[in-house]
Number of protein chains: 2
Amino acid sequence: MARRAERRAAADTLTLPSAVFAPVRSQTAFEETVDRLGTAIKLGLLAPGAQLPAERELCARLGIARSTLRQALTALSQSGHVFATRGRGGGTFVADPLPPTDPPSPQMLARWRETCDQRLAVELGVALLAAERAEREDLDALDEVAATLDATLEDFVAYRQADIRLHVGLAEATRSTQLVRAMTETQGAMTDLIAYIAHPPEVLASSNAQHRRLLAAVRERDAMRAVRVMSEHLQGTEHILAGLLPEG
Amino acid sequence: MARRAERRAAADTLTLPSAVFAPVRSQTAFEETVDRLGTAIKLGLLAPGAQLPAERELCARLGIARSTLRQALTALSQSGHVFATRGRGGGTFVADPLPPTDPPSPQMLARWRETCDQRLAVELGVALLAAERAEREDLDALDEVAATLDATLEDFVAYRQADIRLHVGLAEATRSTQLVRAMTETQGAMTDLIAYIAHPPEVLASSNAQHRRLLAAVRERDAMRAVRVMSEHLQGTEHILAGLLPEG
DNA sequence: GATTGAAGGACGGGCAACCAAACCTTTTCC
DNA sequence: GGAAAAGGTTTGGTTGCCCGTCCTTCAATC
């Protein structure tokens, strides 16, 4: 039939991005909860020893049933990230010390470049928007974090934790909850990647110098300079990874 | 007990991003499929009259059961976006003409700034990475799209469709499937926002001039210039929206 | 020292989403 | 006229998730 041929022809007028038919795999509420809480703990956003909200309150905030939340907490407790005490005045607490982080999985390593690309986008957007919207109080707090960073050049674990606070803090300064969430997500992924890489104090010092230049540019509301400094900052880590990891 | 007090104190050493305890709502596979296919159709990535892969193949590609896919196709068929013909040589086809797009929902309009922020991040990342990685063939194809744009200044619907092809095409040039997906997603959201806004030919002409400057910067591998041009390009639409929509 | 209240812990019923595997119907092509 | 290829239908089972209820523990309080 003629109409059939017409239709088939119309299909070929465009090249279709393969992403349209890519697998659709939705995480379960349980998985997402473990991921969110676990990442927050690993990133130090939930400090060791900190108390989580009560189960009955937390499940309401997360919008899930208590049994689902308990599944997640059980998983986190079995992996040693949290522990619970019963009775009045009890609760669920972040473990102290934290369990050793497990090495990055092969598929994580295989997709490291995608992770960096994702991070690049988030950080560039944050840099530009922070330059437009950050309040003075935000920046003052971030300056203090930068000072902390200079004081922890010898201790990579502590440095990395403050580093995360700085980047997440800058995202918060954009007043975009979506960007904050994206930032914590990518920082979690990045932490997995760089945990096992040596970072000599000199490298950390120059990295923090970039932080300071970044904050200065944001303070002066020079968006493009902030973006440029940020991109240089990220390329540092990316080059290190490119040298150590297989092509991805 | 003393240890209890210690623990509680430890909880307050950091300000916790509220995003950590934000609701976790996972879309169902059905919803996500409708969204993906529907967006691809609305954006013109699946051209009117185009044939979708056979159900048995498509559900395999999407990683879902056939019954779930059929739910989604039924929804899209009821909304008039696709239609199906039976028998050998039959199949599921994108409707032609497409049904009229429905006006943006109130909550969509309320979150327009978050949408723009998201888009900003994606587009800046794409601009920078495209400048690093785009091949000459990619750019030649995109130049042709820009020519199409110049030829459709009088017809906003056609212009917008080519506009999407340009932005998505640039994302494809980064070789990051994640960024392509993020780009189609945000373009879908943006389309809902700007569909009902008048775009005089002069505005479209200057917008496409920015496209050309962007492509030129990418071709010369001048990443920062590409980022700057892109940010100016986006601020154009953002200012228009800011003038027409309530504060968000 | 008894009481109480706030916390974690455990169980079962029920619903909705999803999957798997068939089988049916229509249409075209050989 | 039959084989093949497509959408359409049915059935049954599994899992994730929610909701409600009750139990257990134990610091705080009286």
# chains A, B, ... in the order shown; residues from 1 in each chain; ligands from 1
call {"tool": "interface_residues", "arguments": {"of": "chain A", "to": "chain D", "cutoff": "8 Å", "atoms": "only C-alpha atoms (C1' of nucleotides)", "output": "ChimeraX atom specification"}}
result
/A:28,65,68,86-89
call {"tool": "interface_residues", "arguments": {"of": "chain C", "to": "chain A", "cutoff": "8 Å", "atoms": "only C-alpha atoms (C1' of nucleotides)", "output": "PyMOL selection string"}}
result
chain C and resi 5-8
call {"tool": "select_by_dssp", "arguments": {"residues": "segment 6-244 of chain A", "states": "strand (DSSP E)", "output": "PyMOL selection string"}}
result
chain A and resi 82-85+91-94
call {"tool": "write_last_selection", "arguments": {"atoms": "C-alpha atoms", "output": "PDB file, in the first residue's frame"}}
result
ATOM      1  CA  VAL A  82      25.117   3.035  61.384  1.00  0.00           C
ATOM      2  CA  PHE A  83      24.117   1.412  64.638  1.00  0.00           C
ATOM      3  CA  ALA A  84      20.900   1.596  66.626  1.00  0.00           C
ATOM      4  CA  THR A  85      20.196   1.676  70.327  1.00  0.00           C
ATOM      5  CA  GLY A  91      18.015   6.134  68.159  1.00  0.00           C
ATOM      6  CA  THR A  92      20.026   5.443  65.055  1.00  0.00           C
ATOM      7  CA  PHE A  93      23.530   6.861  64.948  1.00  0.00           C
ATOM      8  CA  VAL A  94      26.256   7.152  62.354  1.00  0.00           C
TER       9      VAL A  94
END
call {"tool": "interface_residues", "arguments": {"of": "chain B", "to": "chain A", "cutoff": "8 Å", "atoms": "only C-alpha atoms", "output": "PyMOL selection string"}}
result
chain B and resi 7-17+19-29+32-33+36-37+40+45-51+58+61-64+114+117-118+120-126+129+172+176-181+224+228
call {"tool": "atom_distance", "arguments": {"atom1": "atom CA of Leu244 of chain B", "atom2": "atom CA of Phe156 of chain B"}}
result
18.1 Å
call {"tool": "closest_residue", "arguments": {"among": "A:Thr191, A:Met230, A:Ala216, A:Leu204", "to": "Pro103 of chain A", "atoms": "only C-alpha atoms"}}
result
A:Thr191
call {"tool": "select_by_dssp", "arguments": {"residues": "segment 29-171 of chain A", "states": "helix (DSSP H, G or I)", "output": "tab-separated table (two decimals) with C-alpha atoms, in the first residue's frame"}}
result
chain	number	residue	atom	x	y	z
A	29	ALA	CA	12.74	3.05	47.13
A	30	PHE	CA	14.85	0.75	49.26
A	31	GLU	CA	17.88	1.04	47.02
A	32	GLU	CA	17.59	4.76	46.66
A	33	THR	CA	17.36	5.20	50.41
A	34	VAL	CA	20.43	3.10	51.09
A	35	ASP	CA	22.24	5.07	48.42
A	36	ARG	CA	21.22	8.49	49.72
A	37	LEU	CA	21.95	7.82	53.36
A	38	GLY	CA	25.07	5.83	52.61
A	39	THR	CA	26.47	8.55	50.38
A	40	ALA	CA	25.68	11.23	52.93
A	41	ILE	CA	27.56	9.23	55.53
A	42	LYS	CA	30.53	8.46	53.30
A	55	GLU	CA	12.42	6.22	62.21
A	56	ARG	CA	8.84	7.40	62.41
A	57	GLU	CA	9.87	10.92	61.48
A	58	LEU	CA	12.47	9.98	58.89
A	59	CYS	CA	10.18	7.76	56.87
A	60	ALA	CA	7.68	10.62	56.73
A	61	ARG	CA	10.36	13.01	55.47
A	62	LEU	CA	11.59	10.55	52.87
A	66	ARG	CA	8.61	2.68	57.81
A	67	SER	CA	9.20	-0.92	56.87
A	68	THR	CA	11.03	0.18	53.74
A	69	LEU	CA	13.15	2.59	55.71
A	70	ARG	CA	13.95	-0.16	58.20
A	71	GLN	CA	15.14	-2.36	55.35
A	72	ALA	CA	17.55	0.37	54.37
A	73	LEU	CA	18.69	1.00	57.93
A	74	THR	CA	19.21	-2.72	58.43
A	75	ALA	CA	21.41	-2.83	55.35
A	76	LEU	CA	23.40	0.18	56.52
A	77	SER	CA	23.73	-1.30	59.97
A	78	GLN	CA	24.95	-4.62	58.62
A	106	PRO	CA	35.10	-2.64	37.94
A	107	GLN	CA	32.04	-1.17	36.26
A	108	MET	CA	32.55	1.99	38.29
A	109	LEU	CA	36.08	2.22	36.97
A	110	ALA	CA	34.90	1.47	33.46
A	112	TRP	CA	34.79	6.87	35.17
A	113	ARG	CA	34.80	9.27	32.27
A	114	GLU	CA	31.01	9.51	32.21
A	115	THR	CA	31.15	10.26	35.91
A	116	CYS	CA	33.64	13.06	35.35
A	117	ASP	CA	31.52	14.50	32.54
A	118	GLN	CA	28.50	14.53	34.78
A	119	ARG	CA	30.47	16.24	37.48
A	120	LEU	CA	31.82	18.79	35.06
A	121	ALA	CA	28.34	19.84	34.07
A	122	VAL	CA	27.13	20.14	37.65
A	123	GLU	CA	30.16	22.05	38.84
A	124	LEU	CA	30.17	24.48	35.94
A	125	GLY	CA	26.51	25.24	36.49
A	126	VAL	CA	27.08	25.68	40.19
A	127	ALA	CA	30.04	27.98	39.61
A	128	LEU	CA	28.08	30.26	37.32
A	129	LEU	CA	24.93	30.38	39.41
A	130	ALA	CA	26.83	30.81	42.66
A	131	ALA	CA	28.53	33.82	41.15
A	132	GLU	CA	25.11	35.27	40.48
A	133	ARG	CA	23.34	34.34	43.68
A	136	ARG	CA	28.10	37.22	51.57
A	137	GLU	CA	27.37	34.91	54.50
A	138	ASP	CA	27.63	31.87	52.24
A	139	LEU	CA	31.02	32.98	51.04
A	140	ASP	CA	32.29	33.78	54.49
A	141	ALA	CA	31.44	30.25	55.58
A	142	LEU	CA	33.15	28.83	52.51
A	143	ASP	CA	36.26	30.87	53.20
A	144	GLU	CA	36.47	29.16	56.54
A	145	VAL	CA	36.24	25.80	54.86
A	146	ALA	CA	39.11	26.82	52.58
A	147	ALA	CA	41.12	27.67	55.69
A	148	THR	CA	40.36	24.23	57.05
A	149	LEU	CA	41.59	22.75	53.80
A	150	ASP	CA	44.92	24.53	54.10
A	151	ALA	CA	45.26	23.07	57.58
A	156	PHE	CA	43.98	13.32	52.72
A	157	VAL	CA	40.87	11.88	54.36
A	158	ALA	CA	40.23	15.06	56.31
A	159	TYR	CA	41.10	17.19	53.29
A	160	ARG	CA	38.70	15.32	51.07
A	161	GLN	CA	35.89	15.72	53.57
A	162	ALA	CA	36.36	19.48	53.77
A	163	ASP	CA	36.71	19.56	49.99
A	164	ILE	CA	33.28	18.00	49.71
A	165	ARG	CA	31.87	20.49	52.16
A	166	LEU	CA	33.19	23.30	50.02
A	167	HIS	CA	31.76	22.03	46.79
A	168	VAL	CA	28.41	21.10	48.31
A	169	GLY	CA	28.34	24.41	50.13
A	170	LEU	CA	28.83	26.27	46.89
A	171	ALA	CA	25.95	24.28	45.41
